[in-house]
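*Asks:* PDB, C-alpha atoms, saved as data_3.pdb, coming up:
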MODEL        1
ATOM      1  CA  MET A   1       0.000   0.000   0.000
ATOM      2  CA  ALA A   2       2.779   2.382   0.818
ATOM      3  CA  SER A   3       4.534   1.713  -2.481
ATOM      4  CA  ARG A   4       1.423   2.597  -4.442
ATOM      5  CA  THR A   5       1.098   5.989  -2.754
ATOM      6  CA  LEU A   6       4.742   7.032  -3.214
ATOM      7  CA  THR A   7       4.874   6.253  -6.886
ATOM      8  CA  PRO A   8       2.715   9.207  -8.009
ATOM      9  CA  LEU A   9       4.817  11.572  -5.848
ATOM     10  CA  ARG A  10       8.013  10.407  -7.460
ATOM     11  CA  ALA A  11       6.490  10.871 -10.913
ATOM     12  CA  ALA A  12       5.445  14.431 -10.055
ATOM     13  CA  SER A  13       8.910  15.343  -8.801
ATOM     14  CA  ARG A  14      10.525  14.022 -11.927
ATOM     15  CA  ARG A  15       8.226  16.081 -14.107
ATOM     16  CA  LEU A  16       9.101  19.171 -12.040
ATOM     17  CA  HIS A  17      12.846  18.644 -12.434
ATOM     18  CA  ALA A  18      12.479  18.016 -16.108
ATOM     19  CA  SER A  19      10.547  21.208 -16.714
ATOM     20  CA  VAL A  20      13.162  23.420 -14.884
ATOM     21  CA  THR A  21      16.386  23.592 -16.952
ATOM     22  CA  PRO A  22      19.566  25.714 -16.555
ATOM     23  CA  GLN A  23      18.496  27.779 -19.540
ATOM     24  CA  SER A  24      15.308  28.831 -17.792
ATOM     25  CA  TRP A  25      17.366  30.007 -14.767
ATOM     26  CA  THR A  26      19.548  32.228 -16.921
ATOM     27  CA  GLN A  27      16.544  33.830 -18.555
ATOM     28  CA  CYS A  28      15.042  34.919 -15.267
ATOM     29  CA  PRO A  29      15.335  38.667 -14.637
ATOM     30  CA  VAL A  30      17.741  39.777 -11.901
ATOM     31  CA  ARG A  31      16.221  41.961  -9.231
ATOM     32  CA  THR A  32      18.379  44.352  -7.238
ATOM     33  CA  LEU A  33      17.331  45.126  -3.721
ATOM     34  CA  VAL A  34      17.810  48.795  -2.881
ATOM     35  CA  THR A  35      17.372  49.838   0.710
ATOM     36  CA  ALA A  36      16.506  53.404   1.541
ATOM     37  CA  SER A  37      17.955  53.244   5.008
ATOM     38  CA  LYS A  38      21.553  54.297   5.592
ATOM     39  CA  PRO A  39      24.032  51.700   6.773
ATOM     40  CA  LYS A  40      24.657  51.699  10.471
ATOM     41  CA  GLN A  41      27.930  53.127  11.767
ATOM     42  CA  TYR A  42      29.611  50.719  14.113
ATOM     43  CA  ALA A  43      32.079  51.962  16.747
ATOM     44  CA  GLN A  44      35.660  51.362  15.746
ATOM     45  CA  PRO A  45      38.570  50.832  18.171
ATOM     46  CA  SER A  46      40.227  54.026  19.418
ATOM     47  CA  SER A  47      43.549  53.795  17.643
ATOM     48  CA  THR A  48      45.367  56.946  16.664
ATOM     49  CA  ALA A  49      47.172  55.137  13.852
ATOM     50  CA  SER A  50      44.007  53.828  12.152
ATOM     51  CA  ARG A  51      41.849  56.902  12.880
ATOM     52  CA  PRO A  52      41.543  59.064   9.769
ATOM     53  CA  PRO A  53      42.523  62.708  10.153
ATOM     54  CA  PRO A  54      39.624  65.102  10.708
ATOM     55  CA  PRO A  55      38.487  66.918   7.645
ATOM     56  CA  THR A  56      39.942  70.360   7.310
ATOM     57  CA  SER A  57      37.422  73.073   6.854
ATOM     58  CA  LYS A  58      38.327  75.625   4.313
ATOM     59  CA  THR A  59      37.362  79.067   5.449
ATOM     60  CA  THR A  60      37.776  82.139   3.446
ATOM     61  CA  SER A  61      38.572  85.285   5.464
ATOM     62  CA  LYS A  62      36.756  88.349   4.391
ATOM     63  CA  PRO A  63      38.856  91.514   4.200
ATOM     64  CA  THR A  64      37.913  94.002   6.856
ATOM     65  CA  ALA A  65      38.935  97.602   7.231
ATOM     66  CA  ASP A  66      39.216  97.513  11.058
ATOM     67  CA  THR A  67      40.967  94.504  12.608
ATOM     68  CA  SER A  68      40.032  95.495  16.143
ATOM     69  CA  SER A  69      36.298  95.098  15.370
ATOM     70  CA  SER A  70      36.680  91.447  14.353
ATOM     71  CA  SER A  71      38.356  90.419  17.624
ATOM     72  CA  SER A  72      36.276  89.521  20.619
ATOM     73  CA  PRO A  73      36.021  92.057  23.485
ATOM     74  CA  ALA A  74      37.461  89.530  25.994
ATOM     75  CA  THR A  75      40.832  89.228  24.245
ATOM     76  CA  THR A  76      41.231  92.865  23.242
ATOM     77  CA  THR A  77      43.794  94.884  25.310
ATOM     78  CA  ALA A  78      43.588  98.648  25.479
ATOM     79  CA  ARG A  79      46.580 100.414  23.967
ATOM     80  CA  THR A  80      47.850 103.758  25.231
ATOM     81  CA  PRO A  81      48.261 106.184  22.401
ATOM     82  CA  VAL A  82      51.870 107.253  21.843
ATOM     83  CA  PRO A  83      52.296 111.029  21.794
ATOM     84  CA  ALA A  84      53.891 112.547  18.806
ATOM     85  CA  VAL A  85      57.656 113.190  19.056
ATOM     86  CA  SER A  86      58.803 116.645  18.151
ATOM     87  CA  GLY A  87      62.289 115.455  17.190
ATOM     88  CA  THR A  88      64.053 118.084  19.337
ATOM     89  CA  PRO A  89      66.051 116.530  22.263
ATOM     90  CA  LEU A  90      65.686 117.996  25.741
ATOM     91  CA  PRO A  91      68.576 120.180  26.950
ATOM     92  CA  ASP A  92      71.040 118.718  29.469
ATOM     93  CA  ALA A  93      70.695 119.695  33.117
ATOM     94  CA  PRO A  94      73.242 122.280  34.252
ATOM     95  CA  PRO A  95      76.087 120.771  36.324
ATOM     96  CA  THR A  96      75.936 121.343  40.065
ATOM     97  CA  PRO A  97      79.042 123.198  41.267
ATOM     98  CA  SER A  98      80.921 121.354  43.998
ATOM     99  CA  PRO A  99      82.471 123.320  46.866
ATOM    100  CA  TYR A 100      85.366 120.832  46.964
ATOM    101  CA  ALA A 101      86.403 121.138  43.309
ATOM    102  CA  ALA A 102      87.854 124.118  41.502
ATOM    103  CA  GLU A 103      90.654 125.056  39.177
ATOM    104  CA  ALA A 104      94.003 123.491  39.932
ATOM    105  CA  ASP A 105      95.573 126.947  39.942
ATOM    106  CA  GLY A 106      93.519 127.936  43.010
ATOM    107  CA  SER A 107      91.310 130.496  41.277
ATOM    108  CA  GLY A 108      88.200 128.982  42.853
ATOM    109  CA  SER A 109      86.058 129.299  39.734
ATOM    110  CA  GLY A 110      84.280 126.029  40.511
ATOM    111  CA  SER A 111      84.529 124.482  37.044
ATOM    112  CA  GLY A 112      84.212 120.973  38.492
ATOM    113  CA  ALA A 113      87.789 119.845  37.786
ATOM    114  CA  PRO A 114      89.395 117.938  40.679
ATOM    115  CA  ILE A 115      92.094 119.734  42.607
ATOM    116  CA  ASP A 116      95.629 118.395  42.449
ATOM    117  CA  TRP A 117      96.620 118.662  46.089
ATOM    118  CA  THR A 118     100.193 117.630  45.302
ATOM    119  CA  GLN A 119     100.724 121.152  43.931
ATOM    120  CA  SER A 120      97.653 123.284  44.672
ATOM    121  CA  TYR A 121      97.290 125.915  47.388
ATOM    122  CA  HIS A 122      93.588 126.408  46.766
ATOM    123  CA  GLY A 123      91.791 128.387  49.507
ATOM    124  CA  LEU A 124      94.940 129.413  51.346
ATOM    125  CA  GLY A 125      94.156 132.442  53.531
ATOM    126  CA  VAL A 126      90.729 133.071  51.933
ATOM    127  CA  SER A 127      88.821 133.595  55.189
ATOM    128  CA  ALA A 128      89.071 132.902  58.892
ATOM    129  CA  PHE A 129      87.261 130.117  60.661
ATOM    130  CA  SER A 130      84.267 130.900  62.829
ATOM    131  CA  PRO A 131      84.818 132.001  66.455
ATOM    132  CA  GLU A 132      83.403 128.686  67.697
ATOM    133  CA  ILE A 133      85.966 126.707  65.682
ATOM    134  CA  THR A 134      88.773 129.045  66.719
ATOM    135  CA  ALA A 135      87.919 128.560  70.395
ATOM    136  CA  VAL A 136      88.217 124.789  70.047
ATOM    137  CA  LEU A 137      91.519 124.972  68.145
ATOM    138  CA  GLN A 138      93.226 127.448  70.499
ATOM    139  CA  ALA A 139      91.927 126.068  73.769
ATOM    140  CA  PRO A 140      94.652 125.591  76.420
ATOM    141  CA  ILE A 141      95.857 122.019  76.614
ATOM    142  CA  ASN A 142      95.332 119.897  79.687
ATOM    143  CA  PRO A 143      98.639 119.151  81.480
ATOM    144  CA  ASP A 144      97.422 115.611  82.074
ATOM    145  CA  ASP A 145      97.473 115.032  78.282
ATOM    146  CA  VAL A 146     101.142 116.012  77.883
ATOM    147  CA  GLU A 147     103.727 113.220  77.823
ATOM    148  CA  VAL A 148     107.470 113.335  78.544
ATOM    149  CA  LYS A 149     110.105 111.460  76.564
ATOM    150  CA  PRO A 150     113.137 109.943  78.342
ATOM    151  CA  ASP A 151     115.340 112.699  76.881
ATOM    152  CA  GLY A 152     113.146 115.445  78.432
ATOM    153  CA  ILE A 153     111.095 116.471  75.341
ATOM    154  CA  ILE A 154     107.423 117.027  76.047
ATOM    155  CA  TYR A 155     104.795 116.245  73.404
ATOM    156  CA  LEU A 156     101.098 115.690  72.841
ATOM    157  CA  PRO A 157     100.161 112.253  71.447
ATOM    158  CA  GLU A 158      99.013 112.419  67.829
ATOM    159  CA  ILE A 159      95.616 110.957  68.709
ATOM    160  CA  LYS A 160      94.921 114.097  70.758
ATOM    161  CA  TYR A 161      95.496 116.254  67.652
ATOM    162  CA  ARG A 162      92.999 114.159  65.707
ATOM    163  CA  ARG A 163      90.410 114.529  68.472
ATOM    164  CA  ILE A 164      90.804 118.297  68.469
ATOM    165  CA  LEU A 165      90.383 118.454  64.675
ATOM    166  CA  ASN A 166      87.298 116.240  64.850
ATOM    167  CA  ALA A 167      85.806 118.404  67.589
ATOM    168  CA  ALA A 168      86.466 121.610  65.640
ATOM    169  CA  PHE A 169      85.555 120.568  62.054
ATOM    170  CA  GLY A 170      83.859 117.197  62.346
ATOM    171  CA  PRO A 171      85.055 113.785  61.132
ATOM    172  CA  GLY A 172      85.486 113.776  57.350
ATOM    173  CA  ALA A 173      85.832 117.552  56.992
ATOM    174  CA  TRP A 174      89.626 117.501  57.123
ATOM    175  CA  GLY A 175      92.432 115.303  55.809
ATOM    176  CA  LEU A 176      96.117 114.958  54.995
ATOM    177  CA  ALA A 177      97.052 115.020  51.302
ATOM    178  CA  PRO A 178     100.495 113.661  50.328
ATOM    179  CA  ARG A 179     102.627 116.211  48.490
ATOM    180  CA  GLY A 180     105.166 113.728  47.183
ATOM    181  CA  GLN A 181     106.486 110.191  47.360
ATOM    182  CA  LEU A 182     107.739 108.485  50.512
ATOM    183  CA  MET A 183     111.483 109.043  50.773
ATOM    184  CA  VAL A 184     113.212 106.037  52.349
ATOM    185  CA  HIS A 185     116.665 106.829  53.595
ATOM    186  CA  GLU A 186     119.018 104.781  55.715
ATOM    187  CA  LYS A 187     117.181 104.289  59.019
ATOM    188  CA  LEU A 188     114.848 107.216  58.243
ATOM    189  CA  VAL A 189     111.695 107.856  56.167
ATOM    190  CA  THR A 190     110.282 111.289  55.270
ATOM    191  CA  ARG A 191     107.273 112.576  53.350
ATOM    192  CA  GLU A 192     105.566 115.912  52.854
ATOM    193  CA  TYR A 193     101.844 116.330  53.599
ATOM    194  CA  ALA A 194      99.268 119.097  53.249
ATOM    195  CA  LEU A 195      96.456 119.652  55.745
ATOM    196  CA  VAL A 196      93.156 120.301  53.904
ATOM    197  CA  VAL A 197      90.082 121.525  55.794
ATOM    198  CA  HIS A 198      86.669 122.026  54.120
ATOM    199  CA  GLY A 199      88.324 121.845  50.699
ATOM    200  CA  ARG A 200      90.870 124.529  51.615
ATOM    201  CA  PHE A 201      94.620 124.318  51.906
ATOM    202  CA  VAL A 202      95.609 125.108  55.505
ATOM    203  CA  ALA A 203      99.215 124.023  56.101
ATOM    204  CA  GLU A 204     101.964 121.698  54.923
ATOM    205  CA  ALA A 205     104.851 120.008  56.713
ATOM    206  CA  ARG A 206     107.362 117.228  56.208
ATOM    207  CA  GLY A 207     107.128 114.349  58.622
ATOM    208  CA  GLU A 208     109.910 111.966  59.555
ATOM    209  CA  GLN A 209     110.300 108.722  61.441
ATOM    210  CA  GLN A 210     113.185 106.384  62.190
ATOM    211  CA  TYR A 211     113.200 102.627  61.539
ATOM    212  CA  PHE A 212     115.644  99.856  62.410
ATOM    213  CA  SER A 213     114.903  97.122  59.845
ATOM    214  CA  GLU A 214     113.288  96.846  56.427
ATOM    215  CA  GLU A 215     110.254  95.139  57.967
ATOM    216  CA  GLY A 216     109.522  98.322  59.909
ATOM    217  CA  VAL A 217     109.328 100.692  56.918
ATOM    218  CA  SER A 218     105.510 100.541  56.704
ATOM    219  CA  THR A 219     105.159 101.282  60.414
ATOM    220  CA  ALA A 220     107.662 104.124  60.078
ATOM    221  CA  ALA A 221     105.615 105.547  57.169
ATOM    222  CA  GLU A 222     102.558 105.734  59.421
ATOM    223  CA  GLY A 223     104.585 107.448  62.125
ATOM    224  CA  CYS A 224     105.888 109.875  59.510
ATOM    225  CA  LYS A 225     102.291 110.850  58.656
ATOM    226  CA  SER A 226     101.446 111.447  62.326
ATOM    227  CA  ASN A 227     104.548 113.570  62.743
ATOM    228  CA  ALA A 228     103.542 115.722  59.769
ATOM    229  CA  LEU A 229     100.039 116.136  61.242
ATOM    230  CA  MET A 230     101.426 117.454  64.526
ATOM    231  CA  ARG A 231     103.601 119.959  62.669
ATOM    232  CA  CYS A 232     100.709 121.133  60.477
ATOM    233  CA  CYS A 233      98.548 121.746  63.528
ATOM    234  CA  LYS A 234     100.973 124.426  64.690
ATOM    235  CA  ASP A 235      99.536 126.751  62.015
ATOM    236  CA  LEU A 236      96.071 126.302  63.543
ATOM    237  CA  GLY A 237      97.326 127.086  67.049
ATOM    238  CA  ILE A 238      96.708 123.574  68.409
ATOM    239  CA  ALA A 239      98.939 122.839  71.446
ATOM    240  CA  SER A 240     101.088 125.855  70.666
ATOM    241  CA  GLU A 241     102.304 125.849  74.293
ATOM    242  CA  LEU A 242     104.547 122.881  73.527
ATOM    243  CA  TRP A 243     106.794 125.190  71.443
ATOM    244  CA  ASP A 244     106.879 127.913  74.083
ATOM    245  CA  PRO A 245     110.167 127.741  76.083
ATOM    246  CA  ARG A 246     108.639 129.301  79.199
ATOM    247  CA  TYR A 247     105.801 126.819  79.233
ATOM    248  CA  ILE A 248     108.267 123.958  78.759
ATOM    249  CA  ARG A 249     110.415 124.982  81.714
ATOM    250  CA  LYS A 250     107.408 125.480  83.949
ATOM    251  CA  PHE A 251     105.913 122.157  82.977
ATOM    252  CA  MET A 252     109.158 120.270  83.591
ATOM    253  CA  LYS A 253     109.447 121.869  87.036
ATOM    254  CA  ASP A 254     105.877 121.093  88.078
ATOM    255  CA  TYR A 255     105.170 117.749  86.400
ATOM    256  CA  ALA A 256     108.487 116.036  85.521
ATOM    257  CA  VAL A 257     111.367 114.457  87.412
ATOM    258  CA  GLN A 258     114.695 112.753  86.629
ATOM    259  CA  HIS A 259     115.640 109.227  87.731
ATOM    260  CA  TRP A 260     118.732 107.061  87.531
ATOM    261  CA  VAL A 261     117.882 103.797  85.826
ATOM    262  CA  GLU A 262     119.648 100.693  84.619
ATOM    263  CA  HIS A 263     119.024  98.915  81.340
ATOM    264  CA  THR A 264     117.959  95.335  82.016
ATOM    265  CA  THR A 265     119.927  93.895  79.062
ATOM    266  CA  THR A 266     123.048  96.025  78.688
ATOM    267  CA  LYS A 267     123.288  96.909  82.400
ATOM    268  CA  LYS A 268     124.109 100.484  81.448
ATOM    269  CA  ARG A 269     123.043 103.275  83.748
ATOM    270  CA  ARG A 270     121.620 106.605  82.650
ATOM    271  CA  GLN A 271     119.309 109.407  83.709
ATOM    272  CA  ILE A 272     115.823 109.611  82.162
ATOM    273  CA  TRP A 273     112.935 112.046  82.459
ATOM    274  CA  LEU A 274     109.370 110.990  83.258
ATOM    275  CA  ARG A 275     106.255 112.451  84.768
ATOM    276  CA  LYS A 276     106.017 112.597  88.548
ATOM    277  CA  ASP A 277     102.850 110.519  88.482
ATOM    278  CA  ASP A 278     104.494 107.925  86.204
ATOM    279  CA  GLU A 279     106.826 105.006  86.983
ATOM    280  CA  VAL A 280     109.907 103.451  85.402
ATOM    281  CA  ARG A 281     109.018 100.896  82.749
ATOM    282  CA  TYR A 282     110.795  98.145  80.835
ATOM    283  CA  PRO A 283     113.536  97.963  79.621
ATOM    284  CA  TYR A 284     114.704 100.129  82.497
ATOM    285  CA  LYS A 285     114.616  99.583  86.219
ATOM    286  CA  LYS A 286     115.091 102.154  88.915
ATOM    287  CA  THR A 287     118.422 102.128  90.815
TER     288      THR A 287
ENDMDL
END
As structure tokens, please, write out the structure in this file.

*Replies:*
Amino acid sequence: MASRTLTPLRAASRRLHASVTPQSWTQCPVRTLVTASKPKQYAQPSSTASRPPPPTSKTTSKPTADTSSSSSPATTTARTPVPAVSGTPLPDAPPTPSPYAAEADGSGSGSGAPIDWTQSYHGLGVSAFSPEITAVLQAPINPDDVEVKPDGIIYLPEIKYRRILNAAFGPGAWGLAPRGQLMVHEKLVTREYALVVHGRFVAEARGEQQYFSEEGVSTAAEGCKSNALMRCCKDLGIASELWDPRYIRKFMKDYAVQHWVEHTTTKKRRQIWLRKDDEVRYPYKKT
């Protein structure tokens, strides 16, 4: 029974295959499917090498007459207008005359040229100092400030001269200007100095100082300067009593005394002078 039912089906399938040939397939029209929807964009991996460069937008700039109007107000900086230049330079300021500079010949014209104190006598004898300054310079010296050398010569230490000058003129208002080179002789150095006060020549003197070895030349040069200062101060009347014979004799009678002493090294004896309120010092001892 089953074989009888399958036989017609087989016959129908054969007739169907026989009717459809390859030629009939080729003659069939080809239909193209067109979709109106756009293809979906799928996310691609973030790789800088495979990522295409962004499209460059071509913009055409329009010419404008005022460039400041095209910029945004936030980025615009206000500019200060520059005044017009006349082209004529301003005149130089007049030089200020200095009271400490004048002609080297001592004319005092105040041209601003520095004074050569090695040769100049600028301001010598122009005017007197004030009465207040004169009182300080010519004040009587205190006997307690006077020293006595072993040979009987009295003197005022050079630091006392400097104190008197500072009290009269003020520190920085006076100075010693060398008038030549330091002359180094055998066991003696000398040099000439000028005392300058308030830009004026006051006095000059040659100082001297002994030395005993070449290592002591620099120290002797400083002593030479102090000796010149003491001699220059005579022209200002400072400690003028020390050059008065009557004052010297009176001072030696009232404040000095002679003693026999012995040298501690050579054992030689001699007489020396010293103040009555002083004592014998090394290298001597009292006998």

*Asks:* Name the residues that the PyMOL selection byres ((chain A and resi 193) around 8) picks from the file above, as a list in words, using the file's chain letters and numbers.

*Replies:*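 The output of the PyMOL selection byres ((chain A and resi 193) around 8) on this file is Leu176, Ala177, Pro178, Arg179, Gly180, Arg191, Glu192, Ala194, Leu195, Glu204, Ala205, Arg206, Gly207, Lys225, Ala228 and Leu229 of chain A.
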
*Asks:* Translate the PyMOL selection byres ((chain A and resi 147) around 12), as applied to the file shown, into an explicit residue set as an NGL selection string.

*Replies:* :A and (141-146 or 148-158 or 160 or 242 or 248 or 251-252 or 255-256 or 273-278)

*Asks:* Using all atoms listed in the file, which protein or nucleic acid residues come within 7 Å of Glu262 in chain A? Drop anything in the same chain fewer than 5 positions from it, and give the result as a list in words.

*Replies:* Lys267, Lys268, Arg269, Arg270, Tyr284, Lys285, Lys286 and Thr287 of chain A

*Asks:* Report the distance between CA of Val126 in chain A and CA of Gly237 in chain A in Å, rounded to one decimal place.

*Replies:*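 Atom-to-atom, CA of Val126 in chain A to CA of Gly237 in chain A, that is 17.5 Å.
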
*Asks:* Can you tell me which residues surround range 216-218 of chain A at a distance of at most 12 Å, considering all atoms listed in the file, apart from same-chain residues fewer than 2 positions away, and format the answer as a PyMOL selection string?

*Replies:* chain A and resi 182-190+208-214+220-225

*Asks:* To one decimal in Å, tell me the separation between CA of Pro245 in chain A and CA of Asn227 in chain A.

*Replies:*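 Calculated distance between CA of Pro245 in chain A and CA of Asn227 in chain A is 20.3 Å.
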
*Asks:* Which is closest to Glu241 in chain A among A:Ser130, A:Thr118, A:Gln138, A:Thr80, if we use only C-alpha atoms?

*Replies:* A:Gln138
